[in-house]
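For reference, work_39.cif is printed below; it contains mmCIF, C-alpha atoms.
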data_coords
#
loop_
_atom_site.label_atom_id
_atom_site.label_comp_id
_atom_site.auth_asym_id
_atom_site.auth_seq_id
_atom_site.Cartn_x
_atom_site.Cartn_y
_atom_site.Cartn_z
CA MET J 1 -29.49 -33.83 19.69
CA ASP J 2 -27.41 -36.86 18.70
CA TYR J 3 -28.97 -36.80 15.26
CA PHE J 4 -28.00 -33.13 14.95
CA LEU J 5 -24.40 -33.84 15.98
CA VAL J 6 -24.13 -36.69 13.49
CA LEU J 7 -25.53 -34.42 10.82
CA VAL J 8 -22.95 -31.72 11.65
CA LYS J 9 -20.14 -34.28 11.64
CA GLU J 10 -21.22 -35.70 8.28
CA HIS J 11 -21.46 -32.31 6.61
CA ARG J 12 -18.64 -30.64 8.49
CA ASN J 13 -16.80 -29.49 5.35
CA VAL J 14 -19.89 -28.03 3.75
CA ILE J 15 -20.83 -26.22 6.96
CA ILE J 16 -17.33 -24.72 7.31
CA ALA J 17 -17.33 -23.66 3.65
CA VAL J 18 -20.73 -22.00 3.88
CA ALA J 19 -19.91 -20.41 7.26
CA THR J 20 -16.65 -18.83 6.04
CA LEU J 21 -18.32 -17.59 2.86
CA LEU J 22 -21.21 -16.09 4.81
CA LEU J 23 -18.89 -14.54 7.37
CA SER J 24 -16.83 -12.88 4.62
CA VAL J 25 -19.94 -11.47 2.96
CA LEU J 26 -21.34 -10.34 6.30
CA LEU J 27 -18.10 -8.52 7.15
CA LEU J 28 -18.18 -6.81 3.76
CA LEU J 29 -21.80 -5.77 4.15
CA ALA J 30 -21.64 -4.85 7.83
CA LEU J 31 -18.66 -2.53 7.67
CA ARG J 32 -19.15 0.76 5.89
CA PRO J 33 -16.52 1.71 3.27
CA GLY J 34 -13.69 3.58 4.93
CA VAL J 35 -14.48 2.16 8.38
CA ARG J 36 -12.15 -0.65 9.34
CA GLY J 37 -14.31 -2.18 12.05
CA THR J 38 -11.87 -4.84 13.20
CA PRO J 39 -10.64 -4.56 16.80
CA GLU J 40 -7.57 -2.33 17.07
CA LEU J 41 -5.60 -4.96 18.96
CA VAL J 42 -6.08 -7.51 16.17
CA GLU J 43 -4.96 -5.03 13.52
CA ASP J 44 -1.98 -4.03 15.70
CA VAL J 45 -0.87 -7.64 15.96
CA ALA J 46 -1.29 -8.17 12.21
CA LEU J 47 0.66 -5.02 11.32
CA ASP J 48 3.42 -5.74 13.85
CA ALA J 49 3.78 -9.36 12.74
CA VAL J 50 4.06 -8.49 9.06
CA GLY J 51 6.04 -5.28 9.53
CA ASN J 52 8.70 -6.81 11.76
CA VAL J 53 9.38 -9.72 9.41
CA GLN J 54 9.47 -7.29 6.48
CA SER J 55 12.03 -5.17 8.35
CA LEU J 56 14.22 -8.28 8.62
CA ILE J 57 13.81 -8.99 4.90
CA GLN J 58 14.82 -5.38 4.18
CA ILE J 59 18.21 -5.74 5.95
CA PRO J 60 20.04 -7.61 3.14
CA ILE J 61 18.25 -5.50 0.54
CA THR J 62 19.49 -2.32 2.20
CA TYR J 63 23.04 -3.66 2.41
CA TYR J 64 22.96 -4.55 -1.27
CA GLN J 65 21.55 -1.13 -2.22
CA ASP J 66 24.17 0.70 -0.15
CA PHE J 67 26.95 -1.35 -1.66
CA ALA J 68 25.68 -0.81 -5.21
CA ALA J 69 25.23 2.93 -4.60
CA ARG J 70 28.77 3.27 -3.21
CA PHE J 71 30.18 1.35 -6.14
CA VAL J 72 28.47 3.69 -8.60
CA GLN J 73 29.63 6.73 -6.57
CA TRP J 74 33.26 5.61 -6.72
CA GLN J 75 33.00 5.26 -10.47
CA ASN J 76 31.55 8.75 -10.92
CA LEU J 77 33.59 10.61 -8.32
CA ASP J 78 35.66 12.76 -10.72
CA GLU J 79 32.75 13.62 -12.92
CA GLU J 80 30.55 14.48 -9.93
CA ASN J 81 33.25 16.71 -8.48
CA ARG J 82 33.45 18.71 -11.72
CA ARG J 83 29.65 18.98 -11.95
CA LEU J 84 29.28 20.13 -8.34
CA SER J 85 32.01 22.76 -8.77
CA GLN J 86 30.16 24.17 -11.77
CA GLU J 87 26.82 24.10 -9.93
CA LEU J 88 28.41 25.92 -6.99
CA LYS J 89 29.62 28.69 -9.29
CA LEU J 90 26.10 29.07 -10.66
CA LEU J 91 24.43 29.02 -7.24
CA ARG J 92 26.78 31.44 -5.48
CA PRO J 93 25.02 34.59 -6.72
CA LEU J 94 21.70 33.15 -5.53
CA GLY J 95 22.98 33.00 -1.95
CA ALA J 96 22.49 36.71 -1.40
CA ARG J 97 19.01 36.51 -2.91
CA VAL J 98 18.04 33.72 -0.52
CA VAL J 99 19.22 35.73 2.49
CA GLU J 100 17.23 38.71 1.25
CA LEU J 101 14.08 36.63 0.77
CA GLU J 102 14.49 35.06 4.19
CA ALA J 103 14.74 38.48 5.81
CA GLU J 104 11.67 39.67 3.91
CA ASN J 105 9.75 36.57 4.97
CA HIS J 106 10.71 37.20 8.58
CA ARG J 107 9.57 40.83 8.38
CA LEU J 108 6.22 39.91 6.82
CA ARG J 109 5.55 37.28 9.47
CA GLN J 110 6.31 39.75 12.21
CA LEU J 111 4.01 42.20 10.50
CA LEU J 112 1.14 39.77 10.52
CA ASP J 113 1.98 38.61 14.04
CA MET J 114 0.81 35.21 12.98
CA SER J 115 2.36 32.00 14.26
CA LEU J 116 2.96 29.66 11.35
CA ASP J 117 4.88 27.12 13.36
CA PRO J 118 2.41 24.37 14.13
CA GLU J 119 4.88 22.57 16.40
CA LEU J 120 5.12 19.60 14.16
CA LYS J 121 7.42 16.83 15.20
CA SER J 122 9.46 15.21 12.47
CA LEU J 123 10.35 11.55 12.17
CA GLY J 124 12.23 9.57 9.52
CA ALA J 125 11.05 6.09 8.52
CA ARG J 126 11.79 3.42 5.98
CA VAL J 127 9.17 1.85 3.72
CA VAL J 128 9.19 -1.87 4.51
CA GLY J 129 5.89 -2.98 3.00
CA ASP J 130 4.00 -2.11 -0.12
CA THR J 131 0.56 -3.67 0.14
CA SER J 132 -0.70 -1.88 -2.94
CA THR J 133 -2.99 -3.77 -5.27
CA ALA J 134 -5.09 -2.73 -8.25
CA PHE J 135 -7.69 -1.50 -5.76
CA ALA J 136 -5.66 -0.02 -2.89
CA ASN J 137 -2.47 2.02 -2.53
CA VAL J 138 -0.88 1.73 0.89
CA LEU J 139 2.62 1.56 2.33
CA LEU J 140 3.90 0.07 5.56
CA LEU J 141 6.60 2.00 7.50
CA ASN J 142 9.01 0.65 10.09
CA ALA J 143 8.07 3.35 12.63
CA GLY J 144 5.11 2.98 14.93
CA ARG J 145 3.77 4.44 18.16
CA ASN J 146 6.96 3.45 20.01
CA GLN J 147 9.00 5.65 17.67
CA GLY J 148 6.55 8.55 17.91
CA SER J 149 4.37 8.00 14.86
CA ALA J 150 0.70 8.93 15.11
CA THR J 151 -2.48 8.68 13.10
CA ASN J 152 -2.99 11.57 10.65
CA ALA J 153 0.75 12.32 10.42
CA SER J 154 1.64 13.74 7.01
CA VAL J 155 4.08 11.58 5.06
CA LEU J 156 6.55 13.36 2.78
CA VAL J 157 9.54 12.81 0.53
CA PRO J 158 11.70 15.63 -0.89
CA GLU J 159 9.59 15.63 -4.07
CA GLY J 160 6.30 16.23 -2.23
CA VAL J 161 3.42 14.65 -0.34
CA VAL J 162 3.12 10.86 -0.20
CA GLY J 163 0.00 10.52 1.95
CA ARG J 164 -1.01 10.27 5.59
CA VAL J 165 -0.78 7.71 8.36
CA VAL J 166 -4.15 6.01 8.81
CA GLN J 167 -3.17 3.41 11.38
CA THR J 168 -0.32 2.79 13.78
CA SER J 169 0.80 -0.24 15.72
CA ASN J 170 3.69 -0.42 18.20
CA THR J 171 6.37 -0.72 15.51
CA THR J 172 4.67 0.02 12.18
CA SER J 173 2.51 2.64 10.50
CA LEU J 174 0.11 2.16 7.62
CA VAL J 175 0.16 5.00 5.09
CA LEU J 176 -2.73 5.77 2.77
CA THR J 177 -1.07 7.26 -0.32
CA LEU J 178 -2.54 10.10 -2.38
CA LEU J 179 -3.27 7.61 -5.17
CA ASP J 180 -5.72 5.59 -3.09
CA LEU J 181 -9.42 5.91 -3.86
CA ASN J 182 -10.14 6.86 -0.24
CA SER J 183 -7.58 9.69 -0.18
CA ARG J 184 -8.88 13.29 -0.09
CA VAL J 185 -6.53 16.24 0.43
CA PRO J 186 -7.62 19.90 0.56
CA ALA J 187 -5.47 21.70 -2.01
CA LEU J 188 -4.99 24.93 -3.87
CA VAL J 189 -3.50 25.93 -7.19
CA GLN J 190 -0.38 27.92 -6.30
CA ARG J 191 -0.68 30.54 -9.08
CA THR J 192 -4.38 31.40 -8.77
CA ARG J 193 -5.07 30.28 -5.17
CA ALA J 194 -8.13 28.37 -6.42
CA ARG J 195 -9.18 25.85 -3.78
CA GLY J 196 -10.22 22.27 -4.42
CA ILE J 197 -9.86 18.72 -3.22
CA VAL J 198 -7.19 16.38 -4.58
CA ALA J 199 -8.69 12.91 -4.80
CA GLY J 200 -7.03 9.59 -5.56
CA VAL J 201 -8.55 7.45 -8.30
CA ASN J 202 -6.53 4.25 -7.81
CA GLY J 203 -4.53 5.19 -10.89
CA GLN J 204 -1.20 6.91 -11.38
CA LYS J 205 -2.76 10.37 -11.67
CA LEU J 206 -4.77 12.48 -9.22
CA SER J 207 -7.99 14.36 -9.72
CA LEU J 208 -8.39 17.96 -8.53
CA GLU J 209 -12.08 18.33 -7.84
CA TYR J 210 -14.51 21.17 -7.06
CA ILE J 211 -12.65 23.70 -9.19
CA GLY J 212 -15.23 26.09 -10.63
CA LYS J 213 -15.50 26.52 -14.39
CA ASP J 214 -14.63 30.21 -14.16
CA GLU J 215 -11.29 29.51 -12.42
CA ASP J 216 -8.21 30.17 -14.53
CA ILE J 217 -6.30 26.89 -14.39
CA ARG J 218 -3.48 26.14 -16.83
CA VAL J 219 -1.47 23.05 -17.64
CA GLY J 220 1.76 23.22 -15.63
CA ASP J 221 0.25 24.98 -12.61
CA GLN J 222 1.54 23.62 -9.32
CA VAL J 223 -0.92 22.18 -6.83
CA ILE J 224 -0.10 22.45 -3.12
CA THR J 225 -1.82 21.54 0.14
CA SER J 226 -4.14 24.28 1.37
CA GLY J 227 -3.76 23.48 5.06
CA ILE J 228 -7.48 23.64 5.73
CA ALA J 229 -9.66 20.85 7.14
CA GLY J 230 -6.96 19.87 9.58
CA SER J 231 -5.10 17.30 7.56
CA PHE J 232 -1.85 18.58 6.01
CA PRO J 233 0.27 21.67 6.70
CA LYS J 234 -0.09 24.39 4.10
CA GLY J 235 2.23 24.66 1.12
CA LEU J 236 3.39 21.08 0.55
CA LEU J 237 3.76 20.19 -3.11
CA ILE J 238 1.24 17.64 -4.40
CA GLY J 239 1.79 17.77 -8.15
CA THR J 240 1.40 19.63 -11.42
CA VAL J 241 -1.72 20.18 -13.51
CA GLN J 242 -1.44 17.91 -16.51
CA GLU J 243 -4.82 18.11 -18.17
CA ILE J 244 -8.03 20.10 -17.86
CA ARG J 245 -11.34 18.55 -18.87
CA GLU J 246 -14.31 20.84 -19.17
CA GLY J 247 -17.67 19.17 -19.52
CA ASP J 248 -20.69 20.81 -21.13
CA THR J 249 -22.72 20.46 -17.97
CA GLY J 250 -22.03 20.93 -14.28
CA LEU J 251 -20.41 23.66 -12.23
CA PHE J 252 -16.89 22.31 -12.05
CA GLN J 253 -14.02 21.53 -14.38
CA ARG J 254 -12.11 18.32 -13.93
CA VAL J 255 -8.40 18.80 -13.47
CA ILE J 256 -5.95 15.91 -13.81
CA VAL J 257 -2.83 16.28 -11.67
CA GLN J 258 0.48 14.50 -12.18
CA PRO J 259 1.81 13.71 -8.68
CA SER J 260 5.26 15.08 -7.95
CA VAL J 261 6.19 11.83 -6.19
CA ASP J 262 7.06 8.61 -7.99
CA PHE J 263 5.11 6.22 -5.76
CA ASP J 264 6.88 3.16 -7.15
CA ARG J 265 10.28 4.34 -5.93
CA ILE J 266 9.70 5.50 -2.37
CA GLU J 267 12.23 4.08 0.08
CA GLU J 268 12.52 6.54 2.96
CA VAL J 269 9.96 9.05 4.09
CA ARG J 270 9.60 11.85 6.63
CA LEU J 271 6.60 12.01 8.91
CA LEU J 272 5.24 15.32 10.20
CA ILE J 273 3.49 14.42 13.41
CA PRO J 274 0.91 16.82 14.78
CA GLY J 275 1.72 17.94 18.33
CA PRO J 276 -0.79 18.98 20.99
CA GLN J 277 -0.62 22.63 19.88
CA SER J 278 -0.62 21.79 16.21
CA ALA J 279 -2.83 23.47 13.69
CA ILE J 280 -3.20 20.10 12.03
CA ILE J 281 -5.27 18.68 14.85
CA ASP J 282 -7.57 21.66 15.11
CA SER J 283 -7.29 24.24 12.40
CA SER J 284 -9.59 26.62 14.28
CA LYS J 285 -6.81 27.10 16.86
CA ASN J 286 -4.73 28.70 14.15
CA LEU J 287 -7.40 31.31 13.60
CA ASN J 288 -7.27 32.28 17.25
CA VAL J 289 -3.62 33.26 17.13
CA ILE J 290 -4.19 35.89 14.44
CA LYS J 291 -4.36 39.11 16.37
CA ARG J 292 -6.53 41.74 14.80
CA PRO J 293 -5.17 45.27 14.91
CA MET M 1 1.43 -38.64 13.54
CA LEU M 2 2.41 -35.08 12.81
CA SER M 3 3.64 -32.90 15.57
CA SER M 4 1.60 -29.79 16.15
CA PHE M 5 4.37 -27.59 14.70
CA SER M 6 4.61 -29.62 11.52
CA SER M 7 0.88 -29.37 10.97
CA LEU M 8 1.23 -25.59 11.15
CA LEU M 9 3.84 -25.57 8.38
CA PRO M 10 1.34 -24.80 5.56
CA ALA M 11 -0.06 -21.90 7.58
CA PHE M 12 3.46 -20.68 8.32
CA SER M 13 4.52 -20.92 4.68
CA ILE M 14 1.39 -19.02 3.60
CA PHE M 15 2.17 -16.31 6.17
CA MET M 16 5.75 -16.02 4.91
CA ALA M 17 4.48 -15.91 1.31
CA MET M 18 2.18 -13.06 2.32
CA VAL M 19 4.95 -11.14 4.08
CA PHE M 20 7.33 -11.45 1.13
CA GLN M 21 4.60 -10.59 -1.36
CA GLU M 22 3.81 -7.37 0.51
CA THR M 23 7.43 -6.35 1.10
CA ALA M 24 8.57 -3.17 -0.63
CA LEU M 25 11.34 -4.12 -3.01
CA PRO M 26 13.47 -1.48 -4.76
CA PHE M 27 12.26 -2.28 -8.27
CA ALA M 28 9.89 0.02 -10.11
CA SER M 29 8.26 -2.99 -11.78
CA TRP M 30 7.48 -4.65 -8.42
CA THR M 31 4.16 -2.81 -8.15
CA VAL M 32 2.91 -4.10 -11.48
CA LEU M 33 4.72 -7.41 -11.91
CA ARG M 34 4.22 -8.73 -8.38
CA PRO M 35 3.60 -12.45 -8.13
CA ASP M 36 0.80 -13.69 -5.90
CA PHE M 37 2.82 -16.01 -3.65
CA VAL M 38 -0.18 -16.47 -1.36
CA ILE M 39 -2.35 -18.02 -4.07
CA ILE M 40 0.49 -20.32 -5.17
CA SER M 41 0.93 -21.50 -1.56
CA LEU M 42 -2.81 -21.95 -1.02
CA PHE M 43 -3.05 -23.85 -4.30
CA TYR M 44 -0.14 -26.16 -3.50
CA TRP M 45 -1.25 -27.06 0.03
CA ARG M 46 -4.92 -27.39 -0.96
CA ILE M 47 -4.01 -29.81 -3.72
CA TYR M 48 -1.43 -31.92 -1.89
CA ARG M 49 -2.43 -31.55 1.77
CA PRO M 50 -6.12 -30.60 1.79
CA ASP M 51 -6.37 -31.73 5.42
CA LEU M 52 -4.01 -28.91 6.46
CA CYS M 53 -5.33 -26.18 4.20
CA GLY M 54 -9.06 -25.56 4.22
CA PRO M 55 -11.53 -22.68 4.06
CA ILE M 56 -10.72 -21.50 7.60
CA LEU M 57 -7.03 -21.01 6.77
CA ALA M 58 -7.99 -19.27 3.52
CA PHE M 59 -10.43 -17.04 5.44
CA VAL M 60 -7.82 -16.07 8.06
CA THR M 61 -5.21 -15.43 5.34
CA GLY M 62 -7.64 -13.18 3.48
CA LEU M 63 -8.57 -11.34 6.66
CA PHE M 64 -4.89 -10.77 7.39
CA LEU M 65 -4.38 -9.37 3.89
CA ASP M 66 -7.36 -7.06 4.38
CA MET M 67 -5.94 -5.80 7.65
CA ILE M 68 -2.49 -4.94 6.31
CA SER M 69 -3.91 -3.17 3.27
CA THR M 70 -6.82 -0.77 3.05
CA THR M 71 -9.14 -3.08 1.15
CA PRO M 72 -12.56 -3.52 2.76
CA ILE M 73 -12.43 -6.05 5.60
CA GLY M 74 -13.74 -9.34 4.26
CA LEU M 75 -12.92 -8.77 0.57
CA ASN M 76 -9.72 -10.80 0.41
CA ALA M 77 -11.25 -13.28 2.85
CA LEU M 78 -14.17 -13.82 0.48
CA SER M 79 -12.02 -14.16 -2.64
CA LYS M 80 -9.60 -16.58 -0.95
CA VAL M 81 -12.44 -18.77 0.39
CA VAL M 82 -14.00 -18.88 -3.09
CA LEU M 83 -10.62 -19.92 -4.51
CA ILE M 84 -10.00 -22.63 -1.92
CA LEU M 85 -13.45 -24.11 -2.57
CA ILE M 86 -12.84 -24.24 -6.33
CA MET M 87 -9.36 -25.69 -5.74
CA GLY M 88 -10.84 -28.35 -3.45
CA ARG M 89 -13.61 -29.19 -5.91
CA TYR M 90 -11.13 -29.97 -8.70
CA GLY M 91 -8.26 -31.08 -6.45
CA LYS M 92 -8.05 -34.65 -7.77
CA LEU M 93 -8.04 -33.41 -11.35
CA PHE M 94 -5.22 -30.95 -10.66
CA ARG M 95 -3.18 -33.59 -8.82
CA ALA M 96 -3.32 -35.82 -11.87
CA MET M 97 -2.28 -33.07 -14.26
CA ASP M 98 1.14 -32.44 -15.73
CA PHE M 99 2.90 -29.55 -13.94
CA PHE M 100 3.05 -27.40 -17.07
CA LEU M 101 -0.72 -27.57 -17.39
CA LEU M 102 -0.98 -26.18 -13.88
CA LEU M 103 0.79 -22.97 -14.93
CA PRO M 104 -2.17 -21.48 -16.85
CA ILE M 105 -4.48 -22.79 -14.15
CA ILE M 106 -2.70 -20.81 -11.42
CA ALA M 107 -2.96 -17.72 -13.65
CA ILE M 108 -6.71 -18.38 -13.96
CA PHE M 109 -6.97 -18.60 -10.16
CA VAL M 110 -5.26 -15.23 -9.80
CA ILE M 111 -7.70 -13.80 -12.34
CA ILE M 112 -10.65 -15.28 -10.39
CA ASP M 113 -9.27 -13.72 -7.19
CA GLU M 114 -9.00 -10.34 -8.93
CA ALA M 115 -12.43 -10.73 -10.54
CA VAL M 116 -14.15 -11.29 -7.18
CA GLN M 117 -12.43 -8.21 -5.73
CA LEU M 118 -12.99 -6.17 -8.89
CA ALA M 119 -16.71 -6.96 -8.87
CA TRP M 120 -17.07 -5.68 -5.30
CA ILE M 121 -14.96 -2.56 -5.90
CA VAL M 122 -16.88 -1.68 -9.09
CA ILE M 123 -20.22 -2.14 -7.29
CA THR M 124 -19.22 -0.01 -4.30
CA SER M 125 -16.80 2.56 -5.72
CA GLY M 126 -17.07 2.49 -9.50
CA PRO M 127 -14.48 1.38 -12.06
CA THR M 128 -11.40 2.75 -10.32
CA PHE M 129 -8.44 0.43 -10.56
CA ARG M 130 -5.08 0.05 -12.27
CA TRP M 131 -5.57 -2.33 -15.15
CA GLU M 132 -1.80 -2.87 -15.58
CA ILE M 133 -1.62 -4.38 -12.08
CA LEU M 134 -4.63 -6.57 -12.87
CA ALA M 135 -2.84 -7.84 -15.99
CA GLY M 136 0.63 -8.02 -14.46
CA ARG M 137 -0.16 -10.12 -11.42
CA PRO M 138 -1.33 -13.33 -13.18
CA LEU M 139 1.60 -13.08 -15.56
CA ALA M 140 4.19 -12.66 -12.79
CA THR M 141 2.58 -15.46 -10.76
CA LEU M 142 2.80 -17.82 -13.71
CA VAL M 143 6.50 -17.00 -14.19
CA VAL M 144 7.60 -17.55 -10.57
CA MET M 145 5.38 -20.57 -9.94
CA PRO M 146 7.99 -23.28 -10.81
CA MET M 147 10.51 -21.79 -8.38
CA MET M 148 7.94 -21.29 -5.63
CA VAL M 149 6.56 -24.82 -6.04
CA ARG M 150 10.10 -26.20 -5.82
CA LEU M 151 10.45 -24.47 -2.45
CA LEU M 152 7.07 -25.77 -1.28
CA ILE M 153 8.00 -29.33 -2.34
CA PHE M 154 11.10 -29.01 -0.17
CA LEU M 155 8.94 -27.92 2.79
CA HIS M 156 6.41 -30.64 2.05
CA ARG M 157 9.09 -33.34 2.11
CA TRP M 158 10.38 -31.99 5.39
CA LEU M 159 6.83 -32.06 6.72
CA GLU M 160 6.29 -35.67 5.60
CA ALA M 161 9.57 -36.73 7.16
CA ARG M 162 8.46 -35.61 10.64
#
The structure given in the file should be rewritten as structure tokens.
Amino acid sequence: MDYFLVLVKEHRNVIIAVATLLLSVLLLLALRPGVRGTPELVEDVALDAVGNVQSLIQIPITYYQDFAARFVQWQNLDEENRRLSQELKLLRPLGARVVELEAENHRLRQLLDMSLDPELKSLGARVVGDTSTAFANVLLLNAGRNQGSATNASVLVPEGVVGRVVQTSNTTSLVLTLLDLNSRVPALVQRTRARGIVAGVNGQKLSLEYIGKDEDIRVGDQVITSGIAGSFPKGLLIGTVQEIREGDTGLFQRVIVQPSVDFDRIEEVRLLIPGPQSAIIDSSKNLNVIKRP
Amino acid sequence: MLSSFSSLLPAFSIFMAMVFQETALPFASWTVLRPDFVIISLFYWRIYRPDLCGPILAFVTGLFLDMISTTPIGLNALSKVVLILIMGRYGKLFRAMDFFLLLPIIAIFVIIDEAVQLAWIVITSGPTFRWEILAGRPLATLVVMPMMVRLLIFLHRWLEAR
């Protein structure tokens, strides 16, 4: 026993080095891709610790940004006023059209007797962390369970879909963006209603997969969420078809999609949090509310 | 004799480096040209205070990085332990080197870190990565290293004065 202890003491550094290396490899091999595996409490503490300090770092940055933005606004006030007046003149005739479309929409919904309100709660949050690397694309938000955030919440900006919340701690949420390799979003092409899956490829473009070769897809077509598979509400903009690659073999064409969101410039986001009655949690519930004549 | 807080200073500085590195800054280039403050900190403390920065600290740092990103748990831990072992192996050599010679060496360490992670990702998921980030990170790390090391020297002196 003493001999063993002396041996351990003598080779302490080597043992620690080998043990940490082995442990790292074991963790990598033991946990399946996509399954985090670490205890939730440990991840909560890690996210909270990093997120809270990052929120503090963001305070002076936000002040600086606000000040710079105000300064630029003051400079362009006259010009902006003229531009907005012109835009208002152009938009005024569209007002009546919007009212008409809204009324038509209302009538059609009543006709179908179909509830499209999935009782989503909405929550604003600021991006405090960007832990993206060449191999992962994730964002850290300053809103967690305490603020009402929840796993699987859709994350949006005015330009379109950013991704979904994959983990929450008390004060932070981790968002898997559409660009990430592990991201899969059921989607459809708005013009033709062709259904597919938008997949991230760890690049700056997205791939629309499982689109049959006979589907009529054109460059410039808009791709939106399909609302199936219980992940995102229907009709959120994902991006625009940029390129279509047809191979000689196989059943599907490969469609490259340019995301509508500039992922390098996201500062604030809106979270759509699925409620207890939401179609996002269980899409089959939505089917039940359609009353057959 | 160092107080217990002082001996935690390297770990604290590595944590702060990690937090700042992963903070979202309002610059479009931040995604691509983001310096690896963690590797600079690990390198500095491993070279000048190897007693306070060993494989366990590197392992925990890597695990932390894995938890706040979506990389497979253990990937950053593995790459950081590999780095700390190489740094320790050639520690005396690096200590004797001129500072300007250390600049390309830190870039090489960032490339080794990326290579370990890249190898695993390519094996498990195929060649899906952003090459511009792979290229940008060593470059940005090399550029900010003098400033970062200056800050670490300040902390180191404070630590030695305790």
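Minimum distance to Leu156 (chain J) across J:Asp214, J:Glu268, J:Asp44, J:Asp130 (counting all atoms listed in the file) occurs at J:Glu268.
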Quick one: apply the PyMOL selection byres ((chain J) within 8 of (chain M)) to the file and drop the selected residues here as a ChimeraX atom specification. /J:16-17,20-21,23-28,31,33-34,36-38,43,46-47,50,53-54,57,61,127-138,174,176,181,201-204,264-265,267
Within 10 Å of Leu152 (chain M), counting only C-alpha atoms, which residues qualify if same-chain residues fewer than 5 places away don't, as a PyMOL selection string? chain M and resi 10+13+40-41+44-45+146-147+157-158
Given the PyMOL selection byres ((chain J and resi 175) around 8) and the file above, list the residues it selects as a PDB file with C-alpha atoms, in the frame of the given file.
ATOM      1  CA  VAL J 138      -0.880   1.730   0.890  1.00  0.00           C
ATOM      2  CA  LEU J 139       2.620   1.560   2.330  1.00  0.00           C
ATOM      3  CA  LEU J 140       3.900   0.070   5.560  1.00  0.00           C
ATOM      4  CA  LEU J 141       6.600   2.000   7.500  1.00  0.00           C
ATOM      5  CA  VAL J 155       4.080  11.580   5.060  1.00  0.00           C
ATOM      6  CA  GLY J 163       0.000  10.520   1.950  1.00  0.00           C
ATOM      7  CA  ARG J 164      -1.010  10.270   5.590  1.00  0.00           C
ATOM      8  CA  VAL J 165      -0.780   7.710   8.360  1.00  0.00           C
ATOM      9  CA  VAL J 166      -4.150   6.010   8.810  1.00  0.00           C
ATOM     10  CA  GLN J 167      -3.170   3.410  11.380  1.00  0.00           C
ATOM     11  CA  SER J 173       2.510   2.640  10.500  1.00  0.00           C
ATOM     12  CA  LEU J 174       0.110   2.160   7.620  1.00  0.00           C
ATOM     13  CA  LEU J 176      -2.730   5.770   2.770  1.00  0.00           C
ATOM     14  CA  THR J 177      -1.070   7.260  -0.320  1.00  0.00           C
TER      15      THR J 177
END
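When CA of Leu251 (chain J) is paired with CA of Val185 (chain J), their separation reads 20.2 Å.
Taking CA of Thr151 (chain J) as the reference point, CA of Thr172 (chain J) is found at 11.3 Å.
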Between CA of Pro35 (chain M) and CA of Ala49 (chain J), measure the distance and give it in Å to one decimal. 21.1 Å
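Considering only C-alpha atoms, the residue among M:Leu9, M:Phe43, M:Leu155, M:Val110 positioned nearest to Arg89 (chain M) is M:Phe43.
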For Pro259 (chain J), work out the shell of residues within 12 Å, counting all atoms listed in the file and skipping chain neighbours fewer than 4 positions away, then give it as a VMD selection string. chain J and resid 159 to 163 177 to 179 198 to 200 203 to 208 220 222 to 224 236 to 242 263 to 264
Let me know the residues the PyMOL selection byres ((chain M and resi 94-102) around 12) catches in the file above, as JSON, numbers by chain. {"M": [40, 43, 44, 45, 46, 47, 48, 49, 50, 86, 87, 88, 89, 90, 91, 92, 93, 103, 104, 105, 106, 107, 108, 109, 141, 142, 143, 145, 146, 149, 150]}
Go ahead and write the selection's residues with C-alpha atoms as a JSON list (two decimals), in the frame of the given file.
[["chain", "number", "residue", "atom", "x", "y", "z"],
["M", 40, "ILE", "CA", 0.49, -20.32, -5.17],
["M", 43, "PHE", "CA", -3.05, -23.85, -4.30],
["M", 44, "TYR", "CA", -0.14, -26.16, -3.50],
["M", 45, "TRP", "CA", -1.25, -27.06, 0.03],
["M", 46, "ARG", "CA", -4.92, -27.39, -0.96],
["M", 47, "ILE", "CA", -4.01, -29.81, -3.72],
["M", 48, "TYR", "CA", -1.43, -31.92, -1.89],
["M", 49, "ARG", "CA", -2.43, -31.55, 1.77],
["M", 50, "PRO", "CA", -6.12, -30.60, 1.79],
["M", 86, "ILE", "CA", -12.84, -24.24, -6.33],
["M", 87, "MET", "CA", -9.36, -25.69, -5.74],
["M", 88, "GLY", "CA", -10.84, -28.35, -3.45],
["M", 89, "ARG", "CA", -13.61, -29.19, -5.91],
["M", 90, "TYR", "CA", -11.13, -29.97, -8.70],
["M", 91, "GLY", "CA", -8.26, -31.08, -6.45],
["M", 92, "LYS", "CA", -8.05, -34.65, -7.77],
["M", 93, "LEU", "CA", -8.04, -33.41, -11.35],
["M", 103, "LEU", "CA", 0.79, -22.97, -14.93],
["M", 104, "PRO", "CA", -2.17, -21.48, -16.85],
["M", 105, "ILE", "CA", -4.48, -22.79, -14.15],
["M", 106, "ILE", "CA", -2.70, -20.81, -11.42],
["M", 107, "ALA", "CA", -2.96, -17.72, -13.65],
["M", 108, "ILE", "CA", -6.71, -18.38, -13.96],
["M", 109, "PHE", "CA", -6.97, -18.60, -10.16],
["M", 141, "THR", "CA", 2.58, -15.46, -10.76],
["M", 142, "LEU", "CA", 2.80, -17.82, -13.71],
["M", 143, "VAL", "CA", 6.50, -17.00, -14.19],
["M", 145, "MET", "CA", 5.38, -20.57, -9.94],
["M", 146, "PRO", "CA", 7.99, -23.28, -10.81],
["M", 149, "VAL", "CA", 6.56, -24.82, -6.04],
["M", 150, "ARG", "CA", 10.10, -26.20, -5.82]]
Skip Arg245 (chain J) itself and residues of its chain fewer than 6 positions away, then list as a ChimeraX atom specification all residues within 12 Å of it, counting all atoms listed in the file. /J:207-209,211-213,217-219,252-257
